[in-house]
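Presented below is the structure to which this report refers.
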Amino acid sequence: MPIPPTTVPPADEAPSEAASRRARGRDDACPGALRLHPADDGSLARVRTPGGLLTVHQARALARVSEVLGDGRLDLTSRGNLQLRGLDAACGGELAAGLREAGLLPSERYDRVRNIVASPLSGLDGAGCGDATAWARELDATLCAGAWGELSGLSGRFLFAMDDGRGDVAALGADVTLIATRDGGAVLRMGSGTDGAALEVRARDVPRAAALAAVEFLTRAGESGTRAWRVRELPGQHAVTADGLAARLADEGVEAVRIGHGKPGDAPGTPPAPGVVSGPDGRHAVSVLVPLGRVRAAQWRLLAGLASRSGSGELRVTPWRGVVLPGFTADGAAAAAREVAEAGLVTAPDSPWVGVGACTGRPGCAKSLADVRAHAARAVTESVADTVAGGPRSPDAPPVYFSGCERRCGHPGGRWVDALATSGTDYRLTVRDTREPDGETDGGTGGGETGGGVTDVAADQLAAAVAAARGTA
Ligand code: SF4
């Protein structure tokens with residue numbers, strides 16, 4: 001049965017993290033396939049795609065429901081999930097049926113718990129040393145099988161990361177992170193920083209170890225009485241410890257060795273750049289960036305068609321608003337990249353769209369002071385023509401993120417340029433340093449520490465100002 005829409009803020013308008021910690025008396029209100037959220041542009045549903053993995057059939061089903069039930073577009077989230085917007089509040093039953101038929105709703109009970117990111121290029125480019133996509137699939141199956149029924153009580157914000165050793169998704173601030181090691185094992189890390197427990201487990205135990213780590217978190221959260229949603233929210237005296245976690249794993253027959261910090265994966269890896277990615281097996285993948293993370297159904301169908309016609313029949317949605325299409329010949333990949341670019345998506349690594357993001361803004365979010373997506377798009381377009389300030393983009397330029405209010409939902413981590421709307425026509429640019437990116441529903445870190453100069457600028461002057469800020473940050 002579809003859960004009726006709630007009156008909580010929509011996905012991109014979650015309450016601040018600090019406020020949330022004080023108010024954990026209620027269940028979290030993350031949207032899901034069965035739980036629609038009202039927004040200013042209609043209801044919103046989030047479809048979990050563990051590891052970002054989709055078949056062609058599933059991708060086409062998503063295009064269909066977005067056109068029939070929604071606004072004909074799909075949003076790619078910072079966790080590699082997909083969102084449908086502009087839905088009728090009463091369409092829950094029809095939506096669930098369409099998703100279920102495509103295998104996108106394998107478990108109603110665990111739907112919102114299936115938050116798993118995986119290294120998108122795992123097994124495709126010769127980097128990395130583990131099969132992160134297989135881990136993601138197995139963990140998802142483990143969750144949905146219900147072997148540990150209490151895991152249905154995880155918050156919809158709790159995140160698992162399966163990193164193949166390159167350190168890309170390990171930097172996303174997940175609650176449970178598994179990082180492949182060259183010796184055939186994996187580091188199991190709780191929390192995102194050096195303060196979390198860390199153990200080494202066998203690669204074959206990774207999915208079970210991840211699930212058990214989440215069970216241990218729930219146990220600690222229950223003991224603390226705080227109803228914490230994320231590992232970082234546990235009070236210090238109730239934190240998950242390496243010894244406690246090792247004991248939990250041992251009880252279930254999973255061997256684990258306690259390790260120090262600084263093991264592989266601590267150095268952040270980089271997201272896949274747009275373009276053709278060559279593999280050691282002679283196969284090629286096409287890495288596609290979706291400008292501002294929003295794709296039209298027709299564009300989405302093109303990607304599915306290419307995956308079906310010339311690729312391996314698989315699509316991998318990345319946590320950086322991109323899609324990787326594996327399994328092409330060299331010529332096929334080059335042709336596919338051209339076709340995708342002609343359709344308005346990005347396959348050039350030096351595109352001015354690289355590193356540019358924006359929150360929902362107007363008209364989808366009532367809190368937004370401006371149409372930040374339109375302003376971001378205009379800044380990108382004008383930067384191409386502005387040879388003085390826009391110029392060629394440095395590969396080291398920090399990302400820029402446009403936000404309609406101070407919540408800055410979905411902002412990146414690390415060093416970034418914050419373009420914050422201060423009115424419908426004005427922005428404040430600031431260089432910020434944030435330990436980790438904002439989750440797709442956390443929406444409340446506010447952007448972290450201010451690291452650099454503040455510039456007030458009119459919306460029609462953004463292109464030059466943003467280029468200058470990215471050049472000097
Ligand atoms: S305006 Fe943007 S940052 Fe503010 S709540 Fe809405 S989506 Fe989040």
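Going by the structure tokens order, chains are called A, B, ..., each with residues numbered from 1, while ligands are numbered from 1 in the order shown.
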Review point. Which protein, DNA or RNA residues have an atom within 8 Å of ligand 1, counting only C-alpha atoms and all ligand atoms, as a ChimeraX atom specification?
Key: /A:11-14,358-362,364-370,403-410,443
Kindly save the residues from that selection, with N, CA and C atoms included, as a PDB file, in the first residue's frame.
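New file out26.pdb:
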```pdb
ATOM      1  N   ALA A  11      12.290  16.418  -0.128  1.00  0.00           N
ATOM      2  CA  ALA A  11      13.637  15.865  -0.036  1.00  0.00           C
ATOM      3  C   ALA A  11      14.720  16.909   0.050  1.00  0.00           C
ATOM      4  N   ASP A  12      14.631  17.911  -0.770  1.00  0.00           N
ATOM      5  CA  ASP A  12      15.719  18.874  -0.818  1.00  0.00           C
ATOM      6  C   ASP A  12      15.545  19.982   0.198  1.00  0.00           C
ATOM      7  N   GLU A  13      14.581  19.836   1.057  1.00  0.00           N
ATOM      8  CA  GLU A  13      14.315  20.901   2.010  1.00  0.00           C
ATOM      9  C   GLU A  13      14.311  20.366   3.429  1.00  0.00           C
ATOM     10  N   ALA A  14      15.161  19.402   3.676  1.00  0.00           N
ATOM     11  CA  ALA A  14      15.186  18.774   4.989  1.00  0.00           C
ATOM     12  C   ALA A  14      15.609  19.776   6.054  1.00  0.00           C
ATOM     13  N   ALA A 358      23.743  22.498  -8.627  1.00  0.00           N
ATOM     14  CA  ALA A 358      22.724  23.417  -8.108  1.00  0.00           C
ATOM     15  C   ALA A 358      21.683  22.617  -7.340  1.00  0.00           C
ATOM     16  N   CYS A 359      21.107  23.255  -6.345  1.00  0.00           N
ATOM     17  CA  CYS A 359      19.993  22.613  -5.622  1.00  0.00           C
ATOM     18  C   CYS A 359      18.725  22.716  -6.469  1.00  0.00           C
ATOM     19  N   THR A 360      17.607  22.307  -5.937  1.00  0.00           N
ATOM     20  CA  THR A 360      16.352  22.332  -6.698  1.00  0.00           C
ATOM     21  C   THR A 360      15.947  23.756  -7.040  1.00  0.00           C
ATOM     22  N   GLY A 361      16.025  24.656  -6.079  1.00  0.00           N
ATOM     23  CA  GLY A 361      15.670  26.058  -6.314  1.00  0.00           C
ATOM     24  C   GLY A 361      14.226  26.247  -6.743  1.00  0.00           C
ATOM     25  N   ARG A 362      13.945  27.443  -7.215  1.00  0.00           N
ATOM     26  CA  ARG A 362      12.614  27.711  -7.749  1.00  0.00           C
ATOM     27  C   ARG A 362      12.456  27.035  -9.103  1.00  0.00           C
ATOM     28  N   GLY A 364      10.685  24.464  -7.846  1.00  0.00           N
ATOM     29  CA  GLY A 364      10.403  23.236  -7.109  1.00  0.00           C
ATOM     30  C   GLY A 364      10.428  23.389  -5.607  1.00  0.00           C
ATOM     31  N   CYS A 365      11.207  24.346  -5.100  1.00  0.00           N
ATOM     32  CA  CYS A 365      11.373  24.478  -3.657  1.00  0.00           C
ATOM     33  C   CYS A 365      10.876  25.844  -3.183  1.00  0.00           C
ATOM     34  N   ALA A 366       9.951  25.813  -2.257  1.00  0.00           N
ATOM     35  CA  ALA A 366       9.336  27.047  -1.767  1.00  0.00           C
ATOM     36  C   ALA A 366      10.332  27.929  -1.021  1.00  0.00           C
ATOM     37  N   LYS A 367      11.394  27.328  -0.504  1.00  0.00           N
ATOM     38  CA  LYS A 367      12.339  28.115   0.292  1.00  0.00           C
ATOM     39  C   LYS A 367      13.323  28.904  -0.568  1.00  0.00           C
ATOM     40  N   SER A 368      13.372  28.582  -1.843  1.00  0.00           N
ATOM     41  CA  SER A 368      14.400  29.192  -2.678  1.00  0.00           C
ATOM     42  C   SER A 368      14.110  30.662  -2.965  1.00  0.00           C
ATOM     43  N   LEU A 369      15.156  31.455  -2.900  1.00  0.00           N
ATOM     44  CA  LEU A 369      15.027  32.869  -3.232  1.00  0.00           C
ATOM     45  C   LEU A 369      15.138  33.117  -4.726  1.00  0.00           C
ATOM     46  N   ALA A 370      15.626  32.132  -5.476  1.00  0.00           N
ATOM     47  CA  ALA A 370      15.900  32.388  -6.896  1.00  0.00           C
ATOM     48  C   ALA A 370      15.782  31.103  -7.701  1.00  0.00           C
ATOM     49  N   SER A 403      22.964  27.603  -4.622  1.00  0.00           N
ATOM     50  CA  SER A 403      21.928  27.258  -3.643  1.00  0.00           C
ATOM     51  C   SER A 403      20.908  28.389  -3.530  1.00  0.00           C
ATOM     52  N   GLY A 404      19.653  27.994  -3.350  1.00  0.00           N
ATOM     53  CA  GLY A 404      18.580  28.983  -3.239  1.00  0.00           C
ATOM     54  C   GLY A 404      18.381  29.501  -1.835  1.00  0.00           C
ATOM     55  N   CYS A 405      18.981  28.832  -0.834  1.00  0.00           N
ATOM     56  CA  CYS A 405      18.907  29.336   0.534  1.00  0.00           C
ATOM     57  C   CYS A 405      20.087  28.758   1.318  1.00  0.00           C
ATOM     58  N   GLU A 406      20.195  29.150   2.572  1.00  0.00           N
ATOM     59  CA  GLU A 406      21.398  28.822   3.331  1.00  0.00           C
ATOM     60  C   GLU A 406      21.512  27.350   3.709  1.00  0.00           C
ATOM     61  N   ARG A 407      20.499  26.578   3.435  1.00  0.00           N
ATOM     62  CA  ARG A 407      20.627  25.141   3.711  1.00  0.00           C
ATOM     63  C   ARG A 407      21.591  24.456   2.744  1.00  0.00           C
ATOM     64  N   ARG A 408      21.685  24.969   1.554  1.00  0.00           N
ATOM     65  CA  ARG A 408      22.655  24.463   0.574  1.00  0.00           C
ATOM     66  C   ARG A 408      22.541  22.947   0.364  1.00  0.00           C
ATOM     67  N   CYS A 409      21.326  22.475   0.191  1.00  0.00           N
ATOM     68  CA  CYS A 409      21.092  21.033   0.037  1.00  0.00           C
ATOM     69  C   CYS A 409      21.940  20.451  -1.096  1.00  0.00           C
ATOM     70  N   GLY A 410      22.618  19.363  -0.800  1.00  0.00           N
ATOM     71  CA  GLY A 410      23.350  18.635  -1.832  1.00  0.00           C
ATOM     72  C   GLY A 410      24.695  19.226  -2.195  1.00  0.00           C
ATOM     73  N   GLY A 443      20.754  18.107   3.911  1.00  0.00           N
ATOM     74  CA  GLY A 443      20.397  19.491   3.694  1.00  0.00           C
ATOM     75  C   GLY A 443      20.590  20.422   4.853  1.00  0.00           C
TER      76      GLY A 443
END
```
Review point. Segment 297-389 of chain A: which residues are helix (DSSP H, G or I) by DSSP, as an MDAnalysis selection string?
Key: chainID A and resid 297:309 330:342 372:385
Review point. Could you name the residues that touch Phe160 of chain A at 7 Å or less, counting only C-alpha atoms, but leaving out those on the same chain fewer than 6 positions away, as a PyMOL selection string?
Key: chain A and resi 115-117+174-177
Would you mind exporting the chosen residues as a JSON list (two decimals), in the first residue's frame, restricted to C-alpha atoms?
```
[["chain", "number", "residue", "atom", "x", "y", "z"],
["A", 115, "ASN", "CA", 21.13, 3.35, 0.06],
["A", 116, "ILE", "CA", 24.29, 1.88, -1.43],
["A", 117, "VAL", "CA", 26.89, 3.71, -3.52],
["A", 174, "ALA", "CA", 28.96, 7.00, 4.28],
["A", 175, "ASP", "CA", 28.00, 5.38, 7.56],
["A", 176, "VAL", "CA", 29.45, 2.00, 6.60],
["A", 177, "THR", "CA", 32.28, 1.99, 4.06]]
```
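With only C-alpha atoms as the atoms that count, the residue of A:Arg79, A:Arg470, A:His411, A:Arg189 with the shortest distance to Val431 of chain A is A:Arg470.
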As a PDB file with N, CA and C atoms, in the first residue's frame, please: the residues near Val47 of chain A (cut-off 7 Å, only C-alpha atoms, same-chain neighbours under 3 positions excluded).
```pdb
ATOM      1  N   GLY A  32      10.625   7.939  -0.702  1.00  0.00           N
ATOM      2  CA  GLY A  32      10.971   6.651  -1.285  1.00  0.00           C
ATOM      3  C   GLY A  32      10.070   6.384  -2.458  1.00  0.00           C
ATOM      4  N   ALA A  33      10.089   5.146  -2.933  1.00  0.00           N
ATOM      5  CA  ALA A  33       9.196   4.783  -4.030  1.00  0.00           C
ATOM      6  C   ALA A  33       7.759   4.724  -3.546  1.00  0.00           C
ATOM      7  N   ASN A  81      20.957   7.727  -6.739  1.00  0.00           N
ATOM      8  CA  ASN A  81      19.563   7.324  -6.862  1.00  0.00           C
ATOM      9  C   ASN A  81      18.877   8.218  -7.886  1.00  0.00           C
ATOM     10  N   LEU A  82      17.591   7.955  -8.125  1.00  0.00           N
ATOM     11  CA  LEU A  82      16.853   8.736  -9.112  1.00  0.00           C
ATOM     12  C   LEU A  82      15.578   9.272  -8.484  1.00  0.00           C
ATOM     13  N   GLN A  83      15.221  10.480  -8.850  1.00  0.00           N
ATOM     14  CA  GLN A  83      14.011  11.087  -8.316  1.00  0.00           C
ATOM     15  C   GLN A  83      13.055  11.447  -9.443  1.00  0.00           C
TER      16      GLN A  83
END
```
Exercise for review: Using only C-alpha atoms, find the one residue out of A:Gly424, A:Gly413, A:Gly128, A:Gly184 that sits nearest to Pro363 of chain A.
Suggested key: A:Gly424
Per residue of segment 120-205 of chain A within 10 Å of segment 308-320 of chain A, record the nearest atom pair and its distance in Å to one decimal, counting only C-alpha atoms, with rows in chain order and ascending residue number, as CSV.
```
residue,atom,partner,partner_atom,distance
A:Pro120,CA,A:Thr318,CA,5.9
A:Leu121,CA,A:Arg316,CA,8.6
A:Thr133,CA,A:Arg316,CA,9.4
A:Asp168,CA,A:Pro319,CA,9.8
A:Val169,CA,A:Pro319,CA,8.0
A:Leu172,CA,A:Pro319,CA,8.8
```
Go ahead and save the picked residues with N, CA and C atoms, as a PDB file, in the first residue's frame.
```pdb
ATOM      1  N   PRO A 120      31.763   3.648  -9.575  1.00  0.00           N
ATOM      2  CA  PRO A 120      31.066   3.416 -10.851  1.00  0.00           C
ATOM      3  C   PRO A 120      31.930   2.762 -11.928  1.00  0.00           C
ATOM      4  N   LEU A 121      33.239   2.947 -11.837  1.00  0.00           N
ATOM      5  CA  LEU A 121      34.114   2.372 -12.866  1.00  0.00           C
ATOM      6  C   LEU A 121      34.709   1.037 -12.429  1.00  0.00           C
ATOM      7  N   THR A 133      30.705  -3.423  -7.559  1.00  0.00           N
ATOM      8  CA  THR A 133      29.320  -3.561  -8.019  1.00  0.00           C
ATOM      9  C   THR A 133      28.728  -4.892  -7.536  1.00  0.00           C
ATOM     10  N   ASP A 168      37.078   6.616  -4.352  1.00  0.00           N
ATOM     11  CA  ASP A 168      36.097   7.611  -4.803  1.00  0.00           C
ATOM     12  C   ASP A 168      34.860   7.670  -3.893  1.00  0.00           C
ATOM     13  N   VAL A 169      34.135   6.588  -3.789  1.00  0.00           N
ATOM     14  CA  VAL A 169      32.939   6.650  -2.937  1.00  0.00           C
ATOM     15  C   VAL A 169      33.292   6.581  -1.452  1.00  0.00           C
ATOM     16  N   LEU A 172      32.645   9.845   0.410  1.00  0.00           N
ATOM     17  CA  LEU A 172      31.301  10.428   0.416  1.00  0.00           C
ATOM     18  C   LEU A 172      30.659  10.486   1.795  1.00  0.00           C
TER      19      LEU A 172
END
```
Practice item. Within 9 Å of Ala246 of chain A, counting only C-alpha atoms, which residues show up once you throw out same-chain ones fewer than 2 positions away? Write them as a PyMOL selection string, please. Key: chain A and resi 199+241-244+248-251+254-258
Point to revise | Close residues, Arg378 of chain A itself excluded, 9 Å, only C-alpha atoms, min 4 positions apart in chain, as number ranges by chain | key: A: 373-374, 382-383, 460, 462-463
Practice item. Could you jot down the atom CA of Gly51 of chain A to atom CA of Ala118 of chain A separation for me, Å, one decimal place? Key: 4.6 Å
Review point. Given the choices A:Asp28, A:Ala298, A:Glu200, A:Val356, which gets closest to Arg64 of chain A if the distance is worked out from only C-alpha atoms?
Key: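 Selected residue with least distance to Arg64 of chain A: A:Ala298.
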Exercise for review: Among the residues of segment 167-260 of chain A, find those DSSP assigns to strand (DSSP E) from the backbone and print them as number ranges by chain.
Suggested key: A: 176-180, 185-190, 198-202, 256-258
File dump, residues just selected, N, CA and C atoms, as a PDB file, in the first residue's frame:
```pdb
ATOM      1  N   VAL A 176      28.674   3.239   6.665  1.00  0.00           N
ATOM      2  CA  VAL A 176      29.453   2.004   6.600  1.00  0.00           C
ATOM      3  C   VAL A 176      30.176   1.989   5.260  1.00  0.00           C
ATOM      4  N   THR A 177      31.500   1.972   5.290  1.00  0.00           N
ATOM      5  CA  THR A 177      32.283   1.992   4.059  1.00  0.00           C
ATOM      6  C   THR A 177      33.150   0.748   3.989  1.00  0.00           C
ATOM      7  N   LEU A 178      33.133   0.081   2.857  1.00  0.00           N
ATOM      8  CA  LEU A 178      34.013  -1.060   2.601  1.00  0.00           C
ATOM      9  C   LEU A 178      34.956  -0.675   1.475  1.00  0.00           C
ATOM     10  N   ILE A 179      36.259  -0.853   1.711  1.00  0.00           N
ATOM     11  CA  ILE A 179      37.260  -0.440   0.724  1.00  0.00           C
ATOM     12  C   ILE A 179      38.134  -1.639   0.399  1.00  0.00           C
ATOM     13  N   ALA A 180      38.154  -2.028  -0.865  1.00  0.00           N
ATOM     14  CA  ALA A 180      38.949  -3.183  -1.281  1.00  0.00           C
ATOM     15  C   ALA A 180      40.435  -2.903  -1.079  1.00  0.00           C
ATOM     16  N   GLY A 185      41.454  -8.411   0.538  1.00  0.00           N
ATOM     17  CA  GLY A 185      40.519  -8.170   1.628  1.00  0.00           C
ATOM     18  C   GLY A 185      39.787  -6.860   1.438  1.00  0.00           C
ATOM     19  N   ALA A 186      39.233  -6.390   2.535  1.00  0.00           N
ATOM     20  CA  ALA A 186      38.537  -5.107   2.497  1.00  0.00           C
ATOM     21  C   ALA A 186      38.596  -4.469   3.871  1.00  0.00           C
ATOM     22  N   VAL A 187      38.754  -3.152   3.872  1.00  0.00           N
ATOM     23  CA  VAL A 187      38.677  -2.393   5.114  1.00  0.00           C
ATOM     24  C   VAL A 187      37.218  -2.038   5.366  1.00  0.00           C
ATOM     25  N   LEU A 188      36.772  -2.331   6.550  1.00  0.00           N
ATOM     26  CA  LEU A 188      35.411  -1.964   6.972  1.00  0.00           C
ATOM     27  C   LEU A 188      35.539  -0.768   7.901  1.00  0.00           C
ATOM     28  N   ARG A 189      34.937   0.332   7.509  1.00  0.00           N
ATOM     29  CA  ARG A 189      35.065   1.562   8.291  1.00  0.00           C
ATOM     30  C   ARG A 189      33.688   2.059   8.701  1.00  0.00           C
ATOM     31  N   MET A 190      33.554   2.423   9.941  1.00  0.00           N
ATOM     32  CA  MET A 190      32.310   3.036  10.423  1.00  0.00           C
ATOM     33  C   MET A 190      32.506   4.544  10.479  1.00  0.00           C
ATOM     34  N   ALA A 198      37.592   0.749  12.567  1.00  0.00           N
ATOM     35  CA  ALA A 198      38.054   0.194  11.293  1.00  0.00           C
ATOM     36  C   ALA A 198      38.574  -1.220  11.511  1.00  0.00           C
ATOM     37  N   LEU A 199      38.145  -2.129  10.650  1.00  0.00           N
ATOM     38  CA  LEU A 199      38.547  -3.533  10.711  1.00  0.00           C
ATOM     39  C   LEU A 199      38.890  -3.988   9.311  1.00  0.00           C
ATOM     40  N   GLU A 200      39.626  -5.098   9.193  1.00  0.00           N
ATOM     41  CA  GLU A 200      39.836  -5.696   7.892  1.00  0.00           C
ATOM     42  C   GLU A 200      39.078  -7.019   7.844  1.00  0.00           C
ATOM     43  N   VAL A 201      38.345  -7.244   6.761  1.00  0.00           N
ATOM     44  CA  VAL A 201      37.569  -8.471   6.590  1.00  0.00           C
ATOM     45  C   VAL A 201      37.920  -9.101   5.246  1.00  0.00           C
ATOM     46  N   ARG A 202      37.502 -10.360   5.055  1.00  0.00           N
ATOM     47  CA  ARG A 202      37.729 -11.014   3.774  1.00  0.00           C
ATOM     48  C   ARG A 202      36.741 -10.466   2.742  1.00  0.00           C
ATOM     49  N   ALA A 256      37.451 -10.859  11.419  1.00  0.00           N
ATOM     50  CA  ALA A 256      37.820  -9.455  11.249  1.00  0.00           C
ATOM     51  C   ALA A 256      39.071  -9.169  12.064  1.00  0.00           C
ATOM     52  N   VAL A 257      39.935  -8.364  11.491  1.00  0.00           N
ATOM     53  CA  VAL A 257      41.175  -7.993  12.161  1.00  0.00           C
ATOM     54  C   VAL A 257      41.143  -6.498  12.407  1.00  0.00           C
ATOM     55  N   ARG A 258      41.418  -6.107  13.600  1.00  0.00           N
ATOM     56  CA  ARG A 258      41.433  -4.676  13.921  1.00  0.00           C
ATOM     57  C   ARG A 258      42.656  -4.023  13.282  1.00  0.00           C
TER      58      ARG A 258
END
```
Env of Trp300 of chain A: 10 Å cut, atoms = only C-alpha atoms, seq-sep filter 2 positions within chain, self excluded. Answer as a PDB file with N, CA and C atoms, in the first residue's frame.
```pdb
ATOM      1  N   ALA A  59      15.775   1.117 -16.826  1.00  0.00           N
ATOM      2  CA  ALA A  59      15.937   2.517 -17.248  1.00  0.00           C
ATOM      3  C   ALA A  59      14.743   2.949 -18.083  1.00  0.00           C
ATOM      4  N   ARG A  60      14.299   2.076 -18.965  1.00  0.00           N
ATOM      5  CA  ARG A  60      13.141   2.445 -19.802  1.00  0.00           C
ATOM      6  C   ARG A  60      11.875   2.565 -18.966  1.00  0.00           C
ATOM      7  N   LEU A  62      11.749   3.650 -15.942  1.00  0.00           N
ATOM      8  CA  LEU A  62      11.825   4.945 -15.266  1.00  0.00           C
ATOM      9  C   LEU A  62      11.442   6.079 -16.207  1.00  0.00           C
ATOM     10  N   ALA A  63      11.884   5.996 -17.451  1.00  0.00           N
ATOM     11  CA  ALA A  63      11.491   7.023 -18.429  1.00  0.00           C
ATOM     12  C   ALA A  63       9.972   7.019 -18.600  1.00  0.00           C
ATOM     13  N   ARG A  73      10.901  14.185 -16.506  1.00  0.00           N
ATOM     14  CA  ARG A  73      12.341  14.309 -16.251  1.00  0.00           C
ATOM     15  C   ARG A  73      12.736  13.411 -15.082  1.00  0.00           C
ATOM     16  N   LEU A  74      14.033  13.151 -14.982  1.00  0.00           N
ATOM     17  CA  LEU A  74      14.576  12.383 -13.858  1.00  0.00           C
ATOM     18  C   LEU A  74      15.707  13.189 -13.241  1.00  0.00           C
ATOM     19  N   VAL A 290      25.494  14.541 -16.504  1.00  0.00           N
ATOM     20  CA  VAL A 290      24.170  15.117 -16.728  1.00  0.00           C
ATOM     21  C   VAL A 290      24.163  16.521 -16.132  1.00  0.00           C
ATOM     22  N   ARG A 294      19.866  16.746 -13.996  1.00  0.00           N
ATOM     23  CA  ARG A 294      18.464  16.568 -14.427  1.00  0.00           C
ATOM     24  C   ARG A 294      18.451  16.191 -15.903  1.00  0.00           C
ATOM     25  N   VAL A 295      17.757  15.092 -16.208  1.00  0.00           N
ATOM     26  CA  VAL A 295      17.759  14.569 -17.574  1.00  0.00           C
ATOM     27  C   VAL A 295      16.314  14.418 -18.045  1.00  0.00           C
ATOM     28  N   ARG A 296      16.087  14.746 -19.305  1.00  0.00           N
ATOM     29  CA  ARG A 296      14.752  14.539 -19.880  1.00  0.00           C
ATOM     30  C   ARG A 296      14.570  13.069 -20.234  1.00  0.00           C
ATOM     31  N   ALA A 297      13.319  12.622 -20.250  1.00  0.00           N
ATOM     32  CA  ALA A 297      13.046  11.212 -20.543  1.00  0.00           C
ATOM     33  C   ALA A 297      13.617  10.808 -21.893  1.00  0.00           C
ATOM     34  N   ALA A 298      13.563  11.714 -22.867  1.00  0.00           N
ATOM     35  CA  ALA A 298      14.080  11.378 -24.194  1.00  0.00           C
ATOM     36  C   ALA A 298      15.602  11.159 -24.133  1.00  0.00           C
ATOM     37  N   LEU A 302      17.732   7.641 -24.747  1.00  0.00           N
ATOM     38  CA  LEU A 302      18.899   7.522 -25.626  1.00  0.00           C
ATOM     39  C   LEU A 302      19.997   6.724 -24.924  1.00  0.00           C
ATOM     40  N   LEU A 303      20.249   7.037 -23.660  1.00  0.00           N
ATOM     41  CA  LEU A 303      21.281   6.297 -22.919  1.00  0.00           C
ATOM     42  C   LEU A 303      20.918   4.815 -22.832  1.00  0.00           C
ATOM     43  N   ALA A 304      19.661   4.540 -22.539  1.00  0.00           N
ATOM     44  CA  ALA A 304      19.228   3.137 -22.449  1.00  0.00           C
ATOM     45  C   ALA A 304      19.377   2.445 -23.799  1.00  0.00           C
ATOM     46  N   GLY A 305      19.035   3.168 -24.866  1.00  0.00           N
ATOM     47  CA  GLY A 305      19.144   2.583 -26.197  1.00  0.00           C
ATOM     48  C   GLY A 305      20.586   2.266 -26.562  1.00  0.00           C
ATOM     49  N   VAL A 323      26.314   9.146 -15.558  1.00  0.00           N
ATOM     50  CA  VAL A 323      25.936   7.781 -15.907  1.00  0.00           C
ATOM     51  C   VAL A 323      27.100   7.161 -16.668  1.00  0.00           C
ATOM     52  N   VAL A 340      25.536  11.187 -27.623  1.00  0.00           N
ATOM     53  CA  VAL A 340      25.093  11.687 -26.313  1.00  0.00           C
ATOM     54  C   VAL A 340      25.317  13.195 -26.210  1.00  0.00           C
ATOM     55  N   ALA A 343      22.820  15.228 -27.965  1.00  0.00           N
ATOM     56  CA  ALA A 343      21.532  15.258 -27.267  1.00  0.00           C
ATOM     57  C   ALA A 343      21.554  16.195 -26.064  1.00  0.00           C
ATOM     58  N   LEU A 345      23.840  16.167 -23.450  1.00  0.00           N
ATOM     59  CA  LEU A 345      24.545  15.685 -22.260  1.00  0.00           C
ATOM     60  C   LEU A 345      26.053  15.861 -22.488  1.00  0.00           C
TER      61      LEU A 345
END
```
Check your understanding: So which one's closest to Val206 of chain A, A:Ala96, A:Val231, A:Val56, A:Ala161? Using only C-alpha atoms, please.
Key -> A:Ala161
Review point. Which value, in Å to one decimal, gives the distance between atom CA of Leu212 of chain A and atom CA of Gly149 of chain A?
Key: 11.4 Å
